[in-house]
Amino acid sequence: MTTTEVRDAIPGQGLAAGRPLLEVRDLTVTFRSRGRRSVRAVDGVSLDVAEGATVGIVGESGSGKSVTSLASLGLLNRRGVDISGSVRFDGDDLLNMPEDELRAVRGREIAMVFQDPMSSLNPVLTIGRQITEILERHKGLKGQEARDRAAELLLSVGIGDAVRRLRSFPHQLSGGMRQRVMIAMALACEPRLLIADEPTTALDVTISAQILELLRSLVVNSRTALVLITHDLGVVAGICDQVHVMYSGRIVESAPRRPLFADPRHPYTTGLLNSVPRLDQPRGIPLLPIPGSPSDTLPWTRGCAFAPRCTRQVPECLDGPPALLPDVDGVESHLIRCVNPVPDEEQPA
Amino acid sequence: MSLLEVRGLKVHFPIKKGIVLERTVGHVRAVDGVDLSVEKGRTLGVVGESGCGKSTLGRAILQLEPITEGSVVFDGTDLSGLGNKDLRAMRKRMQMVFQDPLASLDPRQSVSSVLSEPLRTHGIKGPYDARVRELLDLVGLPATAANRYPHEFSGGQRQRVGIARAIALNPELIIADEPVSALDVSIQAQVVNLLEELQERLGLTYVVIAHDLAVVRHISDDIAVMYLGAVVEVSPSEGLYDEPLHPYTRSLLSAIPIPDPEVEDTRERILLRGDIPSAAAPPPGCRFHTRCPWRQPTRCHDEVPLLRVPEGGDPGHTVACHWAEQVASGELQPMSAADSLATEPALPPAG
Ligand SMILES: Nc1ncnc2c1ncn2[C@@H]1O[C@H](COP(=O)(O)OP(=O)(O)O)[C@@H](O)[C@H]1O
Ligand SMILES: Nc1ncnc2c1ncn2[C@@H]1O[C@H](COP(=O)(O)OP(=O)(O)O)[C@@H](O)[C@H]1O
Ligand code: SF4
Ligand SMILES: [Mg+2]
Ligand SMILES: [Mg+2]
């Protein structure tokens with residue numbers, strides 16, 4: 001359990017009327033393996049995803065983005081893993097749901113797209129077989145009806161000669177094409193929630209732009225909610241309503257994308273923004289790296305995990321875990337977990 | 001005079017079929033006619049998507065790949081004409097930095113041994129302790145790092161060791177192939193800054209190869225954009241974002257996400273259709289024509305565009321496109337993004 005004295009505010013809460021579609025509370029995931037130190041990969045994450053919302057989760061590798069989503073959907077191998085907290089989807093408790101029921105929810109209402117589509121495609125079945133199987137299982141479509149719908153889905157993700165493509169095997173497709181197929185499969189059941197974990201990280205930039213444009217057009221205008229997980233701040237800047245920044249298993253800043261990029265307050269967020277060169281700005285602006293490495297971290301129980309790398313560290317940073325609280329100067333939904341946030345005048349250009 | 005001059009360079013890899021009797025059934029044209037030059041003390045960036053031939057070009061410059069045609073001239077000497085002994089002496093002056101430099105190293109080799117190895121192989125007599133300490137200091141690592149092992153280091157520190165190893169012999173030219181791509185963004189900036197600092201202190205000349213255009217632009221004076229084995233544009237870094245000349249450069253730039261919602265919401269994306277064609281059978285004419293949103297019914301599909309200065313252009317900015325002037329003036333307009341995104345082009349039967 002986390003023993004925060006001041007309760008954390010909930011990222012994404014109250015952004016839509018009514019009950020949120022996905023409600024994560026105090027999710028904590030610890031990996032234990034014999035002979036090794038246990039790893040607390042996710043350390044008290046709470047967040048709400050409203051119906052139809054687009055939510056970004058950003059942070060460097062190892063910050064707990066993937067584990068947050070995998071644990072929420074019951075996709076982690078339970079062996080050697082402690083999961084606590086709660087995850088509700090449309091009011092139903094996912095963490096304590098029987099496996100077969102959970103699988104049905106995952107197939108029908110929640111879909112996932114991963115970085116490496118090969119890992120989720122069956123190498124010995126044609127693309128067509130894999131899509132029609134989903135349509136049969138969850139939509140009750142059969143035969144020609146299912147095949148027609150499958151072709152339609154491929155067309156909707158921009159695959160031209162769809163009818164012929166249905167007969168291809170995964171290895172006959174390029175990486176970008178496979179990712180399109182994955183998205184088509186994910187959308188086959190018109191899910192209410194799509195979780196895309198680094199969907200473009202393995203792709204070249206021009207292909208990645210195609211896929212992001214596709215996600216944008218498919219999801220932004222539909223009732224499907226999107227959780228987009230990425231290490232690339234640029235990727236969320238163009239798509240997400242709300243962005244959560246994770247560091248060492250916790251959300252350290254959360255805001256609608258405009259205030260997040262215009263007024264970043266957490267030193268980690270400004271650190272990330274200051275370390276990447278901006279194409280659209282004059283050349284020669286020096287990069288200001290974050291010192292140290294992601295492994296230089298403190299357990300949250302001792303204080304701010306980012307303190308060892310933080311240029312704004314003050315003694316209070318080590319007084320215990322800082323709570324995630326509304327930014328007093330900003331919009332209500334802008335939350336920061338920092339005792340000495342970056343003042344206005346020091347924000348990146 | 002340029003320190004490095006690459007002329008008409010081609011590296012074609014044979015594609016073999018058959019188990020007992022191998023026959024060559026074609027060639028991968030990894031590098032297919034590249035001209036480049038780099039002045040002493042400057043940085044040339046080489047960008048392009050995976051498979052476009054960047055690494056092969058880098059390795060061919062160092063004579064680590066068999067050259068099919070063309071030449072590499074380093075400090076006035078044509079490297080392909082050199083015998084083994086002379087080439088060895090030349091290699092001392094040119095070093096490479098890799099994406100994960102230590103991935104291939106013996107995990108039992110300490111950093112001190114990693115750093116003294118190049119000295120030993122080039123017949124420099126020990127003891128090496130002082131030089132090792134000096135190298136560690138140059139790359140911002142503590143002297144105590146000498147007795148530690150690669151796996152004990154974080155990715156960023158490992159790359160510092162890789163850089164220290166590359167500068168051990170006081171080279172003049174460093175070819176860095178994706179030096180920061182494996183690193184987290186916060187660490188990328190540390191390594192980029194280190195490379196810049198070393199260039200200043202040691203007067204190094206760099207060829208920096210990477211797929212990340214923002215990083216390459218930051219570090220380079222000039223940028224060569226590659227597509228399918230060929231250079232399609234060479235531009236001073238400064239002007240590239242505002243004045244890209246080649247349609248491929250334009251789409252590449254427009255595809256790179258910028259961490260600013262204001263910019264993202266208003267900028268125009270030039271989306272390309274389909275995937276990069278195979279380097280074994282690059283399209284005839286302009287090799288970009290199958291995906292080019294500005295493609296014209298004449299010339300593009302049957303006439304190879306050469307790198308040239310467009311009419312009225314700056315002599316340092318060259319482009320290989322028949323229609324560069326008309327693309328720049330806006331006289332020609334790209335196919336709409338929606339049109340080109342709507343469908344993937346039909347591909348030849350897979351398999
Ligand atoms: N199966 C596992 N066993 C042990 N540790 C794990 C496992 N999966 C992830 N981790 C650890 O959990 C942390 C968070 O990982 P992850 O959520 O994959 O990060 P991200 O997706 O942000 O890169 C990392 O320190 C990682 O090493
Ligand atoms: N040793 C090799 N044998 C055959 N083909 C190769 C070899 N090395 C590279 N290639 C091919 O040459 C092309 C260019 O590769 P590479 O130079 O690695 O590109 P990049 O570094 O830009 O990703 C690719 O099509 C690649 O598959
Ligand atoms: S030559 Fe034609 S196909 Fe090639 S880039 Fe120029 S306009 Fe496009
Ligand atoms: Mg991940
Ligand atoms: Mg390469």
# chains A, B, ... in the order shown; residues from 1 in each chain; ligands from 1
call {"tool": "residues_around", "arguments": {"residues": "segment 311-328 of chain B", "least_positions_apart": "2", "cutoff": "6 Å", "atoms": "only C-alpha atoms", "output": "list in words"}}
result
Val232, Glu233, Val234, Ser235, Pro305, Leu306, Leu307, Arg308, Val309, Gly330, Glu331 and Leu332 of chain B
call {"tool": "write_last_selection", "arguments": {"atoms": "C-alpha atoms", "output": "PDB file, in the first residue's frame"}}
result
ATOM      1  CA  VAL B 232      18.223  12.815 -52.957  1.00  0.00           C
ATOM      2  CA  GLU B 233      19.153  16.101 -51.298  1.00  0.00           C
ATOM      3  CA  VAL B 234      22.136  17.753 -49.631  1.00  0.00           C
ATOM      4  CA  SER B 235      21.348  20.868 -47.657  1.00  0.00           C
ATOM      5  CA  PRO B 305      17.226  12.834 -61.770  1.00  0.00           C
ATOM      6  CA  LEU B 306      20.800  13.826 -60.857  1.00  0.00           C
ATOM      7  CA  LEU B 307      21.841  15.871 -57.828  1.00  0.00           C
ATOM      8  CA  ARG B 308      21.965  19.487 -59.011  1.00  0.00           C
ATOM      9  CA  VAL B 309      21.629  23.061 -57.845  1.00  0.00           C
ATOM     10  CA  GLY B 330       4.218  25.950 -55.554  1.00  0.00           C
ATOM     11  CA  GLU B 331       3.494  25.763 -59.261  1.00  0.00           C
ATOM     12  CA  LEU B 332       3.115  22.021 -58.767  1.00  0.00           C
TER      13      LEU B 332
END
call {"tool": "residues_near_ligand", "arguments": {"ligand": "ligand 2", "cutoff": "7 Å", "atoms": "only C-alpha atoms and all ligand atoms", "output": "list of chain:residue names"}}
result
B:Phe13, B:Pro14, B:Ile15, B:Val28, B:Arg29, B:Ala30, B:Gly48, B:Glu49, B:Ser50, B:Gly51, B:Cys52, B:Gly53, B:Lys54, B:Ser55, B:Thr56, B:Leu57, B:Gly229, B:Ser278, B:Ala279
call {"tool": "write_last_selection", "arguments": {"atoms": "all heavy atoms", "output": "tab-separated table (two decimals), in the first residue's frame"}}
result
chain	number	residue	atom	x	y	z
B	13	PHE	N	25.05	-5.93	-53.00
B	13	PHE	CA	25.24	-7.25	-52.40
B	13	PHE	C	24.57	-8.30	-53.28
B	13	PHE	O	23.40	-8.15	-53.62
B	13	PHE	CB	24.59	-7.31	-51.02
B	13	PHE	CG	25.22	-6.40	-50.01
B	13	PHE	CD1	24.55	-5.25	-49.58
B	13	PHE	CD2	26.47	-6.68	-49.48
B	13	PHE	CE1	25.12	-4.40	-48.63
B	13	PHE	CE2	27.04	-5.83	-48.54
B	13	PHE	CZ	26.37	-4.70	-48.12
B	14	PRO	N	25.30	-9.36	-53.63
B	14	PRO	CA	24.68	-10.41	-54.43
B	14	PRO	C	23.60	-11.15	-53.64
B	14	PRO	O	23.73	-11.36	-52.44
B	14	PRO	CB	25.84	-11.35	-54.77
B	14	PRO	CG	26.91	-11.04	-53.78
B	14	PRO	CD	26.72	-9.62	-53.34
B	15	ILE	N	22.50	-11.47	-54.31
B	15	ILE	CA	21.47	-12.31	-53.70
B	15	ILE	C	21.68	-13.72	-54.23
B	15	ILE	O	21.64	-13.95	-55.44
B	15	ILE	CB	20.05	-11.83	-54.11
B	15	ILE	CG1	19.88	-10.35	-53.78
B	15	ILE	CG2	18.97	-12.66	-53.43
B	15	ILE	CD1	18.63	-9.73	-54.38
B	28	VAL	N	21.22	-6.64	-54.22
B	28	VAL	CA	20.63	-5.59	-53.39
B	28	VAL	C	21.48	-4.35	-53.61
B	28	VAL	O	22.67	-4.34	-53.28
B	28	VAL	CB	20.64	-5.97	-51.89
B	28	VAL	CG1	20.11	-4.83	-51.06
B	28	VAL	CG2	19.83	-7.23	-51.66
B	29	ARG	N	20.88	-3.32	-54.18
B	29	ARG	CA	21.64	-2.10	-54.44
B	29	ARG	C	21.60	-1.21	-53.21
B	29	ARG	O	20.90	-0.21	-53.17
B	29	ARG	CB	21.04	-1.38	-55.64
B	29	ARG	CG	21.11	-2.22	-56.91
B	29	ARG	CD	20.05	-1.79	-57.88
B	29	ARG	NE	20.27	-2.42	-59.18
B	29	ARG	CZ	20.83	-1.79	-60.22
B	29	ARG	NH1	21.21	-0.53	-60.12
B	29	ARG	NH2	21.00	-2.42	-61.35
B	30	ALA	N	22.38	-1.64	-52.19
B	30	ALA	CA	22.33	-0.97	-50.88
B	30	ALA	C	22.78	0.49	-51.00
B	30	ALA	O	22.16	1.39	-50.46
B	30	ALA	CB	23.19	-1.72	-49.88
B	48	GLY	N	17.70	9.06	-43.32
B	48	GLY	CA	16.89	8.26	-44.22
B	48	GLY	C	16.30	7.12	-43.42
B	48	GLY	O	16.76	6.82	-42.32
B	49	GLU	N	15.29	6.48	-43.99
B	49	GLU	CA	14.59	5.43	-43.26
B	49	GLU	C	15.35	4.11	-43.33
B	49	GLU	O	16.27	3.97	-44.12
B	49	GLU	CB	13.17	5.31	-43.80
B	49	GLU	CG	12.38	6.58	-43.52
B	49	GLU	CD	11.01	6.55	-44.12
B	49	GLU	OE1	10.89	6.75	-45.34
B	49	GLU	OE2	10.06	6.31	-43.38
B	50	SER	N	14.93	3.15	-42.50
B	50	SER	CA	15.73	1.93	-42.41
B	50	SER	C	15.82	1.24	-43.76
B	50	SER	O	14.86	1.22	-44.53
B	50	SER	CB	15.15	1.00	-41.35
B	50	SER	OG	13.82	0.70	-41.64
B	51	GLY	N	16.99	0.71	-44.04
B	51	GLY	CA	17.21	0.00	-45.28
B	51	GLY	C	17.63	0.89	-46.43
B	51	GLY	O	17.85	0.41	-47.54
B	52	CYS	N	17.75	2.20	-46.22
B	52	CYS	CA	18.08	3.07	-47.35
B	52	CYS	C	19.57	3.07	-47.66
B	52	CYS	O	20.00	3.66	-48.65
B	52	CYS	CB	17.58	4.49	-47.11
B	52	CYS	SG	18.51	5.39	-45.87
B	53	GLY	N	20.37	2.40	-46.83
B	53	GLY	CA	21.78	2.25	-47.15
B	53	GLY	C	22.74	3.07	-46.30
B	53	GLY	O	23.93	3.12	-46.61
B	54	LYS	N	22.25	3.67	-45.23
B	54	LYS	CA	23.10	4.53	-44.41
B	54	LYS	C	24.29	3.76	-43.81
B	54	LYS	O	25.43	4.19	-43.92
B	54	LYS	CB	22.29	5.15	-43.26
B	54	LYS	CG	21.06	5.93	-43.70
B	54	LYS	CD	20.32	6.51	-42.51
B	54	LYS	CE	19.75	5.50	-41.54
B	54	LYS	NZ	18.70	4.64	-42.10
B	55	SER	N	23.98	2.64	-43.17
B	55	SER	CA	25.06	1.89	-42.51
B	55	SER	C	26.05	1.34	-43.52
B	55	SER	O	27.26	1.38	-43.29
B	55	SER	CB	24.49	0.73	-41.69
B	55	SER	OG	23.69	1.23	-40.66
B	56	THR	N	25.53	0.85	-44.64
B	56	THR	CA	26.41	0.32	-45.67
B	56	THR	C	27.33	1.43	-46.18
B	56	THR	O	28.53	1.22	-46.38
B	56	THR	CB	25.58	-0.27	-46.83
B	56	THR	OG1	24.67	-1.22	-46.30
B	56	THR	CG2	26.48	-0.95	-47.85
B	57	LEU	N	26.78	2.62	-46.37
B	57	LEU	CA	27.60	3.75	-46.80
B	57	LEU	C	28.70	4.02	-45.79
B	57	LEU	O	29.88	4.17	-46.15
B	57	LEU	CB	26.71	5.00	-46.98
B	57	LEU	CG	27.43	6.31	-47.24
B	57	LEU	CD1	28.18	6.28	-48.56
B	57	LEU	CD2	26.46	7.49	-47.23
B	229	GLY	N	19.16	3.88	-51.33
B	229	GLY	CA	20.52	3.77	-51.83
B	229	GLY	C	21.09	5.00	-52.48
B	229	GLY	O	22.25	5.01	-52.87
B	278	SER	N	11.68	-2.42	-52.69
B	278	SER	CA	12.85	-3.24	-52.40
B	278	SER	C	14.10	-2.67	-53.05
B	278	SER	O	14.07	-2.23	-54.20
B	278	SER	CB	12.59	-4.66	-52.91
B	278	SER	OG	13.82	-5.28	-53.19
B	279	ALA	N	15.22	-2.74	-52.29
B	279	ALA	CA	16.48	-2.24	-52.83
B	279	ALA	C	17.04	-3.19	-53.89
B	279	ALA	O	18.01	-2.88	-54.57
B	279	ALA	CB	17.49	-2.04	-51.70
call {"tool": "closest_residue", "arguments": {"among": "A:Leu214, A:Ala71, A:Val314, A:Ala146", "to": "chain B", "atoms": "only C-alpha atoms"}}
result
A:Leu214
call {"tool": "closest_atom_pairs", "arguments": {"of": "chain A", "to": "ligand 4", "cutoff": "9 Å", "atoms": "only C-alpha atoms and all ligand atoms", "output": "CSV"}}
result
residue,atom,partner,partner_atom_place_in_ligand_line,distance
A:Glu60,CA,ligand 4,1 (Mg),8.7
A:Ser61,CA,ligand 4,1 (Mg),6.3
A:Gly62,CA,ligand 4,1 (Mg),6.9
A:Ser63,CA,ligand 4,1 (Mg),8.1
A:Gly64,CA,ligand 4,1 (Mg),7.1
A:Lys65,CA,ligand 4,1 (Mg),5.6
A:Ser66,CA,ligand 4,1 (Mg),4.2
A:Val67,CA,ligand 4,1 (Mg),7.3
A:Gln115,CA,ligand 4,1 (Mg),8.5
A:Asp197,CA,ligand 4,1 (Mg),6.6
A:Glu198,CA,ligand 4,1 (Mg),6.9
A:Ile229,CA,ligand 4,1 (Mg),7.6
A:Thr230,CA,ligand 4,1 (Mg),7.6
A:His231,CA,ligand 4,1 (Mg),8.2
call {"tool": "write_last_selection", "arguments": {"atoms": "N, CA and C atoms", "output": "CSV table (one decimal), in the first residue's frame"}}
result
chain,number,residue,atom,x,y,z
A,60,GLU,N,9.8,7.5,-20.2
A,60,GLU,CA,10.9,6.8,-20.8
A,60,GLU,C,10.8,5.3,-20.5
A,61,SER,N,11.6,4.5,-21.1
A,61,SER,CA,11.5,3.1,-21.0
A,61,SER,C,11.6,2.7,-19.5
A,62,GLY,N,10.8,1.7,-19.1
A,62,GLY,CA,10.9,1.3,-17.7
A,62,GLY,C,10.1,2.1,-16.7
A,63,SER,N,9.3,3.1,-17.2
A,63,SER,CA,8.6,3.9,-16.3
A,63,SER,C,7.3,3.2,-15.9
A,64,GLY,N,6.9,2.1,-16.5
A,64,GLY,CA,5.7,1.4,-16.0
A,64,GLY,C,4.5,1.6,-16.9
A,65,LYS,N,4.7,2.1,-18.1
A,65,LYS,CA,3.6,2.3,-19.0
A,65,LYS,C,2.9,1.0,-19.4
A,66,SER,N,3.7,0.1,-20.0
A,66,SER,CA,3.2,-1.1,-20.5
A,66,SER,C,2.6,-2.0,-19.3
A,67,VAL,N,3.3,-2.0,-18.2
A,67,VAL,CA,2.8,-2.9,-17.1
A,67,VAL,C,1.5,-2.3,-16.6
A,115,GLN,N,3.5,-2.8,-30.0
A,115,GLN,CA,4.7,-2.4,-30.8
A,115,GLN,C,5.0,-3.4,-31.9
A,197,ASP,N,0.0,0.4,-27.5
A,197,ASP,CA,1.2,0.5,-26.7
A,197,ASP,C,2.4,0.6,-27.7
A,198,GLU,N,2.9,1.8,-27.8
A,198,GLU,CA,4.0,2.1,-28.8
A,198,GLU,C,3.7,1.6,-30.2
A,229,ILE,N,0.1,4.8,-25.6
A,229,ILE,CA,1.3,4.7,-24.8
A,229,ILE,C,2.5,4.9,-25.7
A,230,THR,N,3.4,5.9,-25.3
A,230,THR,CA,4.5,6.1,-26.1
A,230,THR,C,5.6,6.8,-25.3
A,231,HIS,N,6.9,6.7,-25.8
A,231,HIS,CA,8.0,7.4,-25.1
A,231,HIS,C,8.2,8.7,-25.8
call {"tool": "residues_around", "arguments": {"residues": "Leu272 of chain A", "least_positions_apart": "5", "cutoff": "10 Å", "atoms": "only C-alpha atoms", "output": "VMD selection string"}}
result
(chain A and resid 59 to 60 232 to 233 267 288 to 290 348) or (chain B and resid 184 to 187 189)
call {"tool": "residues_near_ligand", "arguments": {"ligand": "ligand 3", "cutoff": "8 Å", "atoms": "only C-alpha atoms and all ligand atoms", "output": "list in words"}}
result
His246, Pro247, Tyr248, Gly285, Cys286, Arg287, Phe288, His289, Thr290, Arg291, Cys292, Pro293, Trp294, Arg295, Gln296, Arg299, Cys300, His301, Val304, Pro305, Ala320, Cys321, His322, Trp323, Ala324 and Val327 of chain B
call {"tool": "closest_residue", "arguments": {"among": "B:Pro282, B:Val38, B:Val47, B:Val231", "to": "chain A", "atoms": "only C-alpha atoms"}}
result
B:Val47
call {"tool": "closest_residue", "arguments": {"among": "B:Gly83, B:Pro150, B:Gly26, B:Pro179", "to": "ligand 5", "atoms": "only C-alpha atoms and all ligand atoms"}}
result
B:Pro179
call {"tool": "select_by_dssp", "arguments": {"residues": "segment 94-255 of chain A", "states": "helix (DSSP H, G or I)", "output": "ChimeraX atom specification"}}
result
/A:99-108,117-119,127-139,143-156,162-165,170-172,175-187,205-220,233-237
call {"tool": "write_last_selection", "arguments": {"atoms": "C-alpha atoms", "output": "tab-separated table (two decimals), in the first residue's frame"}}
result
chain	number	residue	atom	x	y	z
A	99	GLU	CA	-10.73	-15.45	-16.78
A	100	ASP	CA	-13.32	-16.45	-19.42
A	101	GLU	CA	-15.48	-13.41	-18.72
A	102	LEU	CA	-12.41	-11.17	-18.84
A	103	ARG	CA	-11.38	-12.68	-22.15
A	104	ALA	CA	-14.79	-11.90	-23.58
A	105	VAL	CA	-14.54	-8.27	-22.46
A	106	ARG	CA	-11.07	-8.03	-23.97
A	107	GLY	CA	-12.24	-9.40	-27.27
A	108	ARG	CA	-15.41	-7.39	-27.57
A	117	PRO	CA	2.35	-6.91	-34.45
A	118	MET	CA	4.13	-10.19	-35.21
A	119	SER	CA	3.83	-11.16	-31.56
A	127	ILE	CA	-4.90	-12.48	-42.29
A	128	GLY	CA	-8.42	-13.21	-43.50
A	129	ARG	CA	-8.80	-16.25	-41.27
A	130	GLN	CA	-7.64	-14.28	-38.25
A	131	ILE	CA	-10.07	-11.43	-38.84
A	132	THR	CA	-13.07	-13.60	-39.70
A	133	GLU	CA	-12.45	-15.67	-36.59
A	134	ILE	CA	-12.87	-12.57	-34.45
A	135	LEU	CA	-16.01	-11.63	-36.35
A	136	GLU	CA	-17.44	-15.12	-35.92
A	137	ARG	CA	-16.65	-15.30	-32.23
A	138	HIS	CA	-17.78	-11.86	-31.19
A	139	LYS	CA	-20.15	-10.67	-33.86
A	143	GLY	CA	-19.02	-17.29	-44.23
A	144	GLN	CA	-19.21	-14.71	-46.98
A	145	GLU	CA	-20.69	-12.15	-44.63
A	146	ALA	CA	-17.63	-12.37	-42.38
A	147	ARG	CA	-15.27	-12.26	-45.36
A	148	ASP	CA	-16.97	-9.16	-46.75
A	149	ARG	CA	-16.76	-7.44	-43.42
A	150	ALA	CA	-13.07	-8.41	-43.11
A	151	ALA	CA	-12.32	-6.88	-46.52
A	152	GLU	CA	-14.21	-3.76	-45.50
A	153	LEU	CA	-12.11	-3.51	-42.35
A	154	LEU	CA	-8.86	-3.78	-44.32
A	155	LEU	CA	-10.08	-1.05	-46.64
A	156	SER	CA	-10.90	1.16	-43.68
A	162	ALA	CA	-8.08	-6.03	-49.54
A	163	VAL	CA	-9.63	-9.15	-51.00
A	164	ARG	CA	-6.24	-10.46	-52.07
A	165	ARG	CA	-4.58	-9.31	-48.86
A	170	PRO	CA	1.62	-12.16	-41.71
A	171	HIS	CA	5.23	-12.65	-42.87
A	172	GLN	CA	4.26	-11.59	-46.40
A	175	GLY	CA	5.78	-3.82	-40.82
A	176	GLY	CA	3.47	-0.92	-41.61
A	177	MET	CA	0.96	-3.19	-43.31
A	178	ARG	CA	0.99	-5.59	-40.33
A	179	GLN	CA	0.29	-2.74	-37.97
A	180	ARG	CA	-2.66	-1.74	-40.15
A	181	VAL	CA	-3.94	-5.30	-39.96
A	182	MET	CA	-3.59	-5.24	-36.17
A	183	ILE	CA	-5.61	-2.04	-36.04
A	184	ALA	CA	-8.24	-3.55	-38.33
A	185	MET	CA	-8.46	-6.57	-36.04
A	186	ALA	CA	-8.62	-4.38	-32.97
A	187	LEU	CA	-11.46	-2.39	-34.45
A	205	VAL	CA	8.78	7.85	-39.60
A	206	THR	CA	6.80	8.15	-42.85
A	207	ILE	CA	5.00	4.87	-42.10
A	208	SER	CA	4.52	5.92	-38.50
A	209	ALA	CA	2.84	9.13	-39.68
A	210	GLN	CA	0.43	7.05	-41.77
A	211	ILE	CA	-0.48	4.88	-38.79
A	212	LEU	CA	-0.94	7.84	-36.45
A	213	GLU	CA	-3.12	9.58	-39.01
A	214	LEU	CA	-5.13	6.40	-39.29
A	215	LEU	CA	-5.59	6.14	-35.52
A	216	ARG	CA	-6.54	9.77	-35.39
A	217	SER	CA	-9.19	9.46	-38.07
A	218	LEU	CA	-10.56	6.14	-36.79
A	219	VAL	CA	-10.67	6.94	-33.13
A	220	VAL	CA	-10.97	10.66	-32.72
A	233	LEU	CA	6.20	13.40	-26.52
A	234	GLY	CA	5.74	14.46	-30.12
A	235	VAL	CA	3.38	11.58	-30.80
A	236	VAL	CA	0.89	12.54	-28.09
A	237	ALA	CA	1.10	16.26	-28.88
call {"tool": "interface_residues", "arguments": {"of": "chain B", "to": "chain A", "cutoff": "9 Å", "atoms": "only C-alpha atoms", "output": "ChimeraX atom specification"}}
result
/B:49-50,154-156,184-190,192-193,211-215,217-219,237-238,241-242,251-265,269,271-275,341-347,350-351
call {"tool": "atom_distance", "arguments": {"atom1": "atom CA of Ile110 of chain A", "atom2": "atom CA of Leu193 of chain A"}}
result
4.7 Å
call {"tool": "residues_around", "arguments": {"residues": "Arg312 of chain A", "least_positions_apart": "6", "cutoff": "10 Å", "atoms": "only C-alpha atoms", "output": "ChimeraX atom specification"}}
result
/A:266-267,338-342
call {"tool": "write_last_selection", "arguments": {"atoms": "all heavy atoms", "output": "compact mmCIF listing (two decimals), in the first residue's frame"}}
result
# COMPACT_ATOMS: atom_id res chain seq x y z
N HIS A 266 6.19 19.96 -14.07
CA HIS A 266 7.07 19.01 -13.40
C HIS A 266 8.47 19.06 -14.01
O HIS A 266 8.61 19.06 -15.23
CB HIS A 266 6.51 17.58 -13.50
CG HIS A 266 7.14 16.66 -12.50
ND1 HIS A 266 8.41 16.16 -12.66
CD2 HIS A 266 6.69 16.19 -11.31
CE1 HIS A 266 8.71 15.40 -11.61
NE2 HIS A 266 7.69 15.40 -10.78
N PRO A 267 9.52 19.09 -13.17
CA PRO A 267 10.88 19.17 -13.71
C PRO A 267 11.22 18.01 -14.65
O PRO A 267 12.05 18.17 -15.55
CB PRO A 267 11.77 19.12 -12.47
CG PRO A 267 10.89 19.56 -11.35
CD PRO A 267 9.49 19.14 -11.70
N CYS A 338 4.97 17.36 -7.32
CA CYS A 338 6.28 17.99 -7.15
C CYS A 338 6.15 19.06 -6.07
O CYS A 338 5.19 19.81 -6.05
CB CYS A 338 6.71 18.64 -8.47
SG CYS A 338 8.25 19.56 -8.35
N VAL A 339 7.15 19.12 -5.18
CA VAL A 339 7.09 20.15 -4.14
C VAL A 339 7.69 21.47 -4.61
O VAL A 339 7.47 22.50 -4.00
CB VAL A 339 7.81 19.69 -2.84
CG1 VAL A 339 7.09 18.52 -2.22
CG2 VAL A 339 9.26 19.35 -3.10
N ASN A 340 8.44 21.44 -5.69
CA ASN A 340 9.05 22.67 -6.18
C ASN A 340 8.91 22.78 -7.70
O ASN A 340 9.88 22.72 -8.45
CB ASN A 340 10.54 22.69 -5.77
CG ASN A 340 11.20 24.02 -6.06
OD1 ASN A 340 10.52 25.05 -6.17
ND2 ASN A 340 12.52 24.01 -6.21
N PRO A 341 7.66 22.91 -8.16
CA PRO A 341 7.44 22.86 -9.60
C PRO A 341 8.11 24.02 -10.35
O PRO A 341 8.47 25.03 -9.75
CB PRO A 341 5.92 22.92 -9.74
CG PRO A 341 5.38 23.31 -8.42
CD PRO A 341 6.43 23.08 -7.39
N VAL A 342 8.28 23.82 -11.63
CA VAL A 342 8.96 24.80 -12.47
C VAL A 342 8.08 26.05 -12.60
O VAL A 342 6.92 25.96 -12.99
CB VAL A 342 9.19 24.20 -13.88
CG1 VAL A 342 9.90 25.19 -14.78
CG2 VAL A 342 9.97 22.90 -13.77
